[in-house]
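Asker: Below is the structure I would like to discuss, written out as structure tokens.
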Amino acid sequence: MSVFSITDFGAVTSDRLQTKAIQDTIDACFLSGGGRVVIPCGIFITGGIRLRSGVELYLESGAILRGSENPEDYNGFWEDTLEPVRDESFEGCIRSAVATSSWCNGLIRVLDAENVTITGEKGSYIDGRNVYNAEGEEKYRGPHAISVWRCKGLTLSGYTIIDSANWAHAIFQSSDILVQNISVYGGHDGFDIRTCDNVLIENCLFHTGDDCIAGFDNHDVTVRNCDLATACSVFRFGGNHVLIENCRSSPAPFGFRGSIPKDQRQFSPLPAESARHIAHTAFLYYCDFRAEIRRVPGDITVRDCSFDGTRQLFRLEFDGEHKWCCNRSLSSITFENCEFLNLDKEGVLHGDENEKVSYTLKNCRITKKEDAENFPLLICTNFEKVTLENIQLEGFAQPYVEQRSKGIFEFTNTPPIQIR
């Protein structure tokens, strides 16, 4: 393998931008047929850089790739003469659905590439610095840490991302993605995929201010052995043939940046005492119109997982108009051998009247938060079947589900549950 160090191309540890030297190293590696670009121990400040096919970005122990605090420093890809980009925007298009929009800016960008790798040794960091952008999402979010569009063969491993200004990973229209042993602390979403196929995420840690793992229109996805904590939803997800197993969610150590006063959002670190630290939902079904959903969403299994401190077990709120659940509803989801601890809010199962949902809980333990008022286990609308088998309920004065349309209930080896 050919190896290229950024220091050989002029990069130095200093308080000045090293974007050009780092990009020159990547380009030289690409032009030589591919290989490894090494970020050595030290702090290297950069604006947006672009990885290319066949290139591995390798962060040695002690390497810190630190983002510029100026959001304008992430627009350099427009000047790329090696692989020029075209403006893909058009009137009326949502900017987060356009690969070349400023919303998709990233500290590391990958566009239309194959066999790209980002590897970090223990003690290596990608620091998003919570970059403030008054023109960004919600008038404060800056670039993603890693932004990927239309790629095949992506391997991510070993590094730690801190304080991502928007999502730590924003990966769209890509396939054959392997993610192992990465950590994300703070910032916004930990890992987002949309219209992606053949994805494995394992042995990772996502302790985030926003959703841990999110996205929709994904096929053949496995998430396993992950340590999760969020101030929003643990999973905000939609897809087909999805397996989530042996994951653990705990109360959020990082708050949601959007919950603090506007005049504080531009500062880092986040003032923890003024931010929301409560997780909404263990699993929130997600689908909007930024992608055409290619397969019937369903065949989702969550097993051998524990969720502690989320307010709500599950939420499907499909009505064709809801901002985040308006494209195509979910057909089926199963939770098996899971525990949901300290809930204080009802589950919602509101499917499509023309494509009804089936929902299964099997061998699960559910506890109510001690000081919470009694609430329904589930509010059911437009459902095919609700199956509860071998369920332990703790802290509920009178367990019940609320039925708002026709559907089948099948309760086996559970405490008495009323249907109202």
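Going through the structure tokens in order, the chains are called A, B, and so on, while each chain numbers its residues from 1 and the ligands are numbered from 1 in the order shown.
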Set the distance at 6 Å and use only C-alpha atoms: which residues neighbour Gly187 of chain A once local chain neighbours fewer than 5 positions away are removed? I'd like the list as number ranges by chain.

Answerer: A: 163-165, 208-209

Asker: Could you take the residues named above and write them with all heavy atoms, as a compact mmCIF listing (two decimals), in the first residue's frame?

Answerer:
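Contents of selection-v4.txt, as written:
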# COMPACT_ATOMS: atom_id res chain seq x y z
N ASP A 163 -18.47 16.76 19.38
CA ASP A 163 -19.08 18.06 19.09
C ASP A 163 -19.33 18.30 17.61
O ASP A 163 -19.03 19.38 17.07
CB ASP A 163 -18.19 19.18 19.65
CG ASP A 163 -18.13 19.15 21.17
OD1 ASP A 163 -19.09 18.66 21.78
OD2 ASP A 163 -17.13 19.63 21.74
N SER A 164 -19.91 17.32 16.93
CA SER A 164 -20.26 17.52 15.53
C SER A 164 -21.27 18.66 15.41
O SER A 164 -22.28 18.69 16.12
CB SER A 164 -20.84 16.25 14.93
OG SER A 164 -21.17 16.43 13.58
N ALA A 165 -21.02 19.59 14.49
CA ALA A 165 -21.86 20.77 14.37
C ALA A 165 -23.25 20.45 13.85
O ALA A 165 -24.21 21.18 14.12
CB ALA A 165 -21.19 21.80 13.47
N THR A 208 -25.19 11.10 22.24
CA THR A 208 -25.44 12.26 21.40
C THR A 208 -26.49 13.19 21.99
O THR A 208 -27.32 12.79 22.81
CB THR A 208 -25.91 11.80 20.01
OG1 THR A 208 -27.16 11.11 20.14
CG2 THR A 208 -24.89 10.88 19.38
N GLY A 209 -26.47 14.44 21.52
CA GLY A 209 -27.50 15.39 21.90
C GLY A 209 -28.77 15.22 21.10
O GLY A 209 -29.83 15.68 21.51

Asker: Within 9 Å of segment 283-285 of chain A, counting only C-alpha atoms, which residues qualify if same-chain residues fewer than 6 places away don't, as a list in words?

Answerer: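 What passes the distance filter is Phe216, Ser233, Val234, Phe235, Arg236, Phe237, Gly238, Gln312, Leu313, Phe314, Arg315, Leu316, Glu317, Phe318, Trp324, Cys325, Ser329 and Leu330 of chain A.
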
Asker: Quick one: pull the distance between atom CA of Thr334 of chain A and atom CA of Ile366 of chain A, Å, one decimal.

Answerer: 14.9 Å

Asker: Report as JSON lines the residues of segment 107-167 of chain A within 7 Å of segment 48-63 of chain A, each with its shortest atom pair and distance in Å (one decimal), using only C-alpha atoms, ordered by chain and increasing residue number.

Answerer:
{"residue": "A:Leu107", "atom": "CA", "partner": "A:Gly48", "partner_atom": "CA", "distance": 4.4}
{"residue": "A:Ile108", "atom": "CA", "partner": "A:Ile49", "partner_atom": "CA", "distance": 5.1}
{"residue": "A:Arg109", "atom": "CA", "partner": "A:Arg50", "partner_atom": "CA", "distance": 4.7}
{"residue": "A:Val110", "atom": "CA", "partner": "A:Leu51", "partner_atom": "CA", "distance": 5.2}
{"residue": "A:Ala113", "atom": "CA", "partner": "A:Ser53", "partner_atom": "CA", "distance": 4.7}
{"residue": "A:Glu114", "atom": "CA", "partner": "A:Ser53", "partner_atom": "CA", "distance": 4.8}
{"residue": "A:Asn115", "atom": "CA", "partner": "A:Gly54", "partner_atom": "CA", "distance": 5.2}
{"residue": "A:Val116", "atom": "CA", "partner": "A:Val55", "partner_atom": "CA", "distance": 5.5}
{"residue": "A:Thr117", "atom": "CA", "partner": "A:Glu56", "partner_atom": "CA", "distance": 4.4}
{"residue": "A:Ile118", "atom": "CA", "partner": "A:Leu57", "partner_atom": "CA", "distance": 4.8}
{"residue": "A:Thr119", "atom": "CA", "partner": "A:Tyr58", "partner_atom": "CA", "distance": 4.9}
{"residue": "A:Gly120", "atom": "CA", "partner": "A:Leu59", "partner_atom": "CA", "distance": 4.6}
{"residue": "A:Glu121", "atom": "CA", "partner": "A:Ser61", "partner_atom": "CA", "distance": 5.0}
{"residue": "A:Lys122", "atom": "CA", "partner": "A:Ser61", "partner_atom": "CA", "distance": 5.6}
{"residue": "A:Gly123", "atom": "CA", "partner": "A:Ser61", "partner_atom": "CA", "distance": 4.8}
{"residue": "A:Ser124", "atom": "CA", "partner": "A:Ala63", "partner_atom": "CA", "distance": 4.9}
{"residue": "A:Tyr125", "atom": "CA", "partner": "A:Ala63", "partner_atom": "CA", "distance": 6.3}

Asker: For Glu79 of chain A, which of A:Glu273, A:Gln23, A:Tyr140, A:Gln418 is the closest residue, counting only C-alpha atoms?

Answerer: A:Gln23

Asker: Can you build me a table of segment 279-379 of chain A residues sitting at most 8 Å from segment 384-400 of chain A, with the closest atom pair per residue and its distance in Å to one decimal, using only C-alpha atoms, sorted by chain and residue number, as CSV?

Answerer:
residue,atom,partner,partner_atom,distance
A:Lys356,CA,A:Glu384,CA,5.3
A:Val357,CA,A:Glu384,CA,5.4
A:Ser358,CA,A:Lys385,CA,4.8
A:Tyr359,CA,A:Val386,CA,4.9
A:Thr360,CA,A:Thr387,CA,4.6
A:Leu361,CA,A:Leu388,CA,4.9
A:Lys362,CA,A:Glu389,CA,4.7
A:Asn363,CA,A:Asn390,CA,4.8
A:Cys364,CA,A:Ile391,CA,5.1
A:Arg365,CA,A:Gln392,CA,4.6
A:Ile366,CA,A:Leu393,CA,5.0
A:Thr367,CA,A:Glu394,CA,4.6
A:Lys368,CA,A:Gly395,CA,5.2
A:Lys369,CA,A:Gly395,CA,7.4
A:Glu370,CA,A:Gly395,CA,6.9
A:Asn374,CA,A:Phe396,CA,6.4
A:Phe375,CA,A:Tyr400,CA,7.9
A:Pro376,CA,A:Tyr400,CA,5.2
A:Leu377,CA,A:Tyr400,CA,6.0
A:Leu378,CA,A:Tyr400,CA,7.7

Asker: Find the residues around His169 of chain A up to 10 Å (only C-alpha atoms counted), leave out those fewer than 3 positions away in its own chain, and share them as a PyMOL selection string.

Answerer: chain A and resi 106+108+144-148+161+164+166+172+184+188-193+213

Asker: Could you write those residues out with N, CA, C and O atoms, as an mmCIF file, in the first residue's frame?

Answerer:
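So selection-v4.cif came out as:
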data_model
loop_
_atom_site.group_PDB
_atom_site.id
_atom_site.type_symbol
_atom_site.label_atom_id
_atom_site.label_comp_id
_atom_site.auth_asym_id
_atom_site.auth_seq_id
_atom_site.Cartn_x
_atom_site.Cartn_y
_atom_site.Cartn_z
ATOM 1 N N GLY A 106 -19.537 19.029 4.911
ATOM 2 C CA GLY A 106 -18.949 18.186 5.929
ATOM 3 C C GLY A 106 -17.492 18.521 6.153
ATOM 4 O O GLY A 106 -16.804 18.990 5.240
ATOM 5 N N ILE A 108 -15.465 16.206 6.524
ATOM 6 C CA ILE A 108 -14.990 15.234 5.537
ATOM 7 C C ILE A 108 -16.153 14.954 4.588
ATOM 8 O O ILE A 108 -17.239 14.567 5.023
ATOM 9 N N HIS A 144 -21.804 18.776 8.847
ATOM 10 C CA HIS A 144 -21.675 17.439 9.414
ATOM 11 C C HIS A 144 -20.193 17.135 9.628
ATOM 12 O O HIS A 144 -19.323 17.759 9.012
ATOM 13 N N ALA A 145 -19.907 16.161 10.465
ATOM 14 C CA ALA A 145 -18.517 15.714 10.580
ATOM 15 C C ALA A 145 -18.120 14.928 9.330
ATOM 16 O O ALA A 145 -17.073 15.185 8.726
ATOM 17 N N ILE A 146 -18.959 13.967 8.925
ATOM 18 C CA ILE A 146 -18.690 13.161 7.732
ATOM 19 C C ILE A 146 -19.952 13.147 6.878
ATOM 20 O O ILE A 146 -21.025 12.750 7.345
ATOM 21 N N SER A 147 -19.849 13.595 5.632
ATOM 22 C CA SER A 147 -20.982 13.666 4.711
ATOM 23 C C SER A 147 -20.662 12.832 3.477
ATOM 24 O O SER A 147 -19.650 13.063 2.806
ATOM 25 N N VAL A 148 -21.526 11.856 3.173
ATOM 26 C CA VAL A 148 -21.267 10.892 2.099
ATOM 27 C C VAL A 148 -22.487 10.807 1.189
ATOM 28 O O VAL A 148 -23.616 10.659 1.660
ATOM 29 N N ILE A 161 -15.616 10.929 17.244
ATOM 30 C CA ILE A 161 -16.092 12.246 16.827
ATOM 31 C C ILE A 161 -16.653 12.960 18.043
ATOM 32 O O ILE A 161 -17.446 12.391 18.795
ATOM 33 N N SER A 164 -19.911 17.325 16.930
ATOM 34 C CA SER A 164 -20.259 17.525 15.528
ATOM 35 C C SER A 164 -21.268 18.660 15.407
ATOM 36 O O SER A 164 -22.279 18.693 16.124
ATOM 37 N N ASN A 166 -23.383 19.397 13.085
ATOM 38 C CA ASN A 166 -24.674 18.821 12.749
ATOM 39 C C ASN A 166 -24.529 17.321 12.959
ATOM 40 O O ASN A 166 -23.993 16.900 13.962
ATOM 41 N N PHE A 172 -25.886 9.008 2.424
ATOM 42 C CA PHE A 172 -27.070 8.919 1.587
ATOM 43 C C PHE A 172 -26.778 8.179 0.284
ATOM 44 O O PHE A 172 -25.672 8.276 -0.274
ATOM 45 N N VAL A 184 -19.062 8.458 19.238
ATOM 46 C CA VAL A 184 -19.533 9.823 19.009
ATOM 47 C C VAL A 184 -19.987 10.389 20.345
ATOM 48 O O VAL A 184 -20.798 9.783 21.048
ATOM 49 N N HIS A 188 -24.935 16.400 17.362
ATOM 50 C CA HIS A 188 -26.305 16.069 16.978
ATOM 51 C C HIS A 188 -26.412 14.564 16.707
ATOM 52 O O HIS A 188 -25.875 13.777 17.458
ATOM 53 N N ASP A 189 -27.086 14.148 15.631
ATOM 54 C CA ASP A 189 -27.279 12.715 15.388
ATOM 55 C C ASP A 189 -25.943 11.986 15.309
ATOM 56 O O ASP A 189 -24.975 12.493 14.743
ATOM 57 N N GLY A 190 -25.950 10.753 15.807
ATOM 58 C CA GLY A 190 -24.726 9.958 15.751
ATOM 59 C C GLY A 190 -24.488 9.342 14.395
ATOM 60 O O GLY A 190 -23.389 9.428 13.841
ATOM 61 N N PHE A 191 -25.547 8.726 13.814
ATOM 62 C CA PHE A 191 -25.366 8.034 12.533
ATOM 63 C C PHE A 191 -26.681 8.089 11.759
ATOM 64 O O PHE A 191 -27.699 7.580 12.215
ATOM 65 N N ASP A 192 -26.644 8.738 10.608
ATOM 66 C CA ASP A 192 -27.822 8.842 9.743
ATOM 67 C C ASP A 192 -27.543 8.202 8.397
ATOM 68 O O ASP A 192 -26.525 8.502 7.753
ATOM 69 N N ILE A 193 -28.469 7.340 7.967
ATOM 70 C CA ILE A 193 -28.392 6.766 6.629
ATOM 71 C C ILE A 193 -29.754 6.919 5.958
ATOM 72 O O ILE A 193 -30.791 6.751 6.591
ATOM 73 N N ILE A 213 -29.275 6.849 16.162
ATOM 74 C CA ILE A 213 -29.222 6.256 14.829
ATOM 75 C C ILE A 213 -30.520 6.587 14.120
ATOM 76 O O ILE A 213 -31.615 6.338 14.652
#

Asker: Using DSSP assignments from the backbone, pull out every residue in segment 230-321 of chain A that falls under strand (DSSP E or B) and give it to me as a ChimeraX atom specification.

Answerer: /A:230,233-245,248-250,256,276,279-285,287,298-303,306-308,310-317

Asker: What's around Gln403 of chain A at 6 Å? Count only C-alpha atoms, leave out sequence neighbours fewer than 2 positions away in its own chain, and write the answer as a list in words.

Answerer: Cys380, Ser405 and Arg420 of chain A

Asker: Give me the residues within 12 Å of Ile260 of chain A as a list in words, counting only C-alpha atoms and dropping any in the same chain fewer than 4 places off.

Answerer: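 Everything that qualifies: Tyr140, Gly209, Gly255, Phe256, Gln264, Arg265, Gln266, Phe267, Leu270, Pro271, Ala272, Glu273, Ser274, Ala275, Arg276 and His277 of chain A.
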
Asker: Filtering to C-alpha atoms, could you give me those residues as a short mmCIF file (atom, residue, chain, number, x, y, z; two decimals), in the first residue's frame?

Answerer:
data_model
loop_
_atom_site.label_atom_id
_atom_site.label_comp_id
_atom_site.auth_asym_id
_atom_site.auth_seq_id
_atom_site.Cartn_x
_atom_site.Cartn_y
_atom_site.Cartn_z
CA TYR A 140 -27.41 27.54 14.10
CA GLY A 209 -27.50 15.39 21.90
CA GLY A 255 -28.19 17.72 26.04
CA PHE A 256 -29.97 18.74 22.87
CA GLN A 264 -26.10 30.39 23.74
CA ARG A 265 -26.12 27.99 20.77
CA GLN A 266 -23.06 29.53 19.16
CA PHE A 267 -20.89 28.73 22.14
CA LEU A 270 -22.75 23.25 25.69
CA PRO A 271 -24.07 24.56 29.03
CA ALA A 272 -25.45 21.27 30.29
CA GLU A 273 -27.70 22.72 32.99
CA SER A 274 -29.89 24.54 30.44
CA ALA A 275 -30.26 21.77 27.85
CA ARG A 276 -32.85 19.01 27.56
CA HIS A 277 -31.48 15.61 28.59
#

Asker: For Arg294 of chain A, which of A:Asp197, A:Asp27, A:Glu410, A:Asp15 is the closest residue, counting only C-alpha atoms?

Answerer: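 Result for the nearest residue to Arg294 of chain A: A:Asp197.
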
Asker: Determine the nearest neighbour of Gly298 of chain A from the options A:Ser32, A:Asn218, A:Ser250, A:Asn327, counting only C-alpha atoms.

Answerer: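 Of all the options, A:Asn218 lies closest to Gly298 of chain A.
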
Asker: Grab the atom CA of Pro297 of chain A to atom CA of His241 of chain A distance for me, in Å with one decimal place.

Answerer: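 These atoms are spaced 8.2 Å apart.
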
Asker: Between atom CA of Ile417 of chain A and atom CA of Thr281 of chain A, what is the spacing in Å?

Answerer: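 Computing the Euclidean distance for atom CA of Thr281 of chain A and atom CA of Ile417 of chain A yields 22.2 Å.
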
Asker: Enumerate, as a list in words, the complete set of residues in segment 235-284 of chain A that a backbone-based DSSP assignment places in helix (DSSP H, G or I).

Answerer: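 Helix (DSSP H, G or I) members of segment 235-284 of chain A, listed: Arg257, Gly258, Ser259, Lys262, Asp263, Gln264, Ala272, Glu273 and Ser274 of chain A.
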
Asker: Deliver the residues from the most recent selection as a file, using C-alpha atoms, as a PDB file, in the first residue's frame.

Answerer:
ATOM      1  CA  ARG A 257     -28.339  21.915  21.628  1.00  0.00           C
ATOM      2  CA  GLY A 258     -31.585  23.214  20.124  1.00  0.00           C
ATOM      3  CA  SER A 259     -33.180  23.298  23.582  1.00  0.00           C
ATOM      4  CA  LYS A 262     -30.651  31.069  20.927  1.00  0.00           C
ATOM      5  CA  ASP A 263     -27.910  33.360  22.171  1.00  0.00           C
ATOM      6  CA  GLN A 264     -26.095  30.395  23.743  1.00  0.00           C
ATOM      7  CA  ALA A 272     -25.454  21.272  30.293  1.00  0.00           C
ATOM      8  CA  GLU A 273     -27.699  22.723  32.985  1.00  0.00           C
ATOM      9  CA  SER A 274     -29.893  24.536  30.444  1.00  0.00           C
TER      10      SER A 274
END
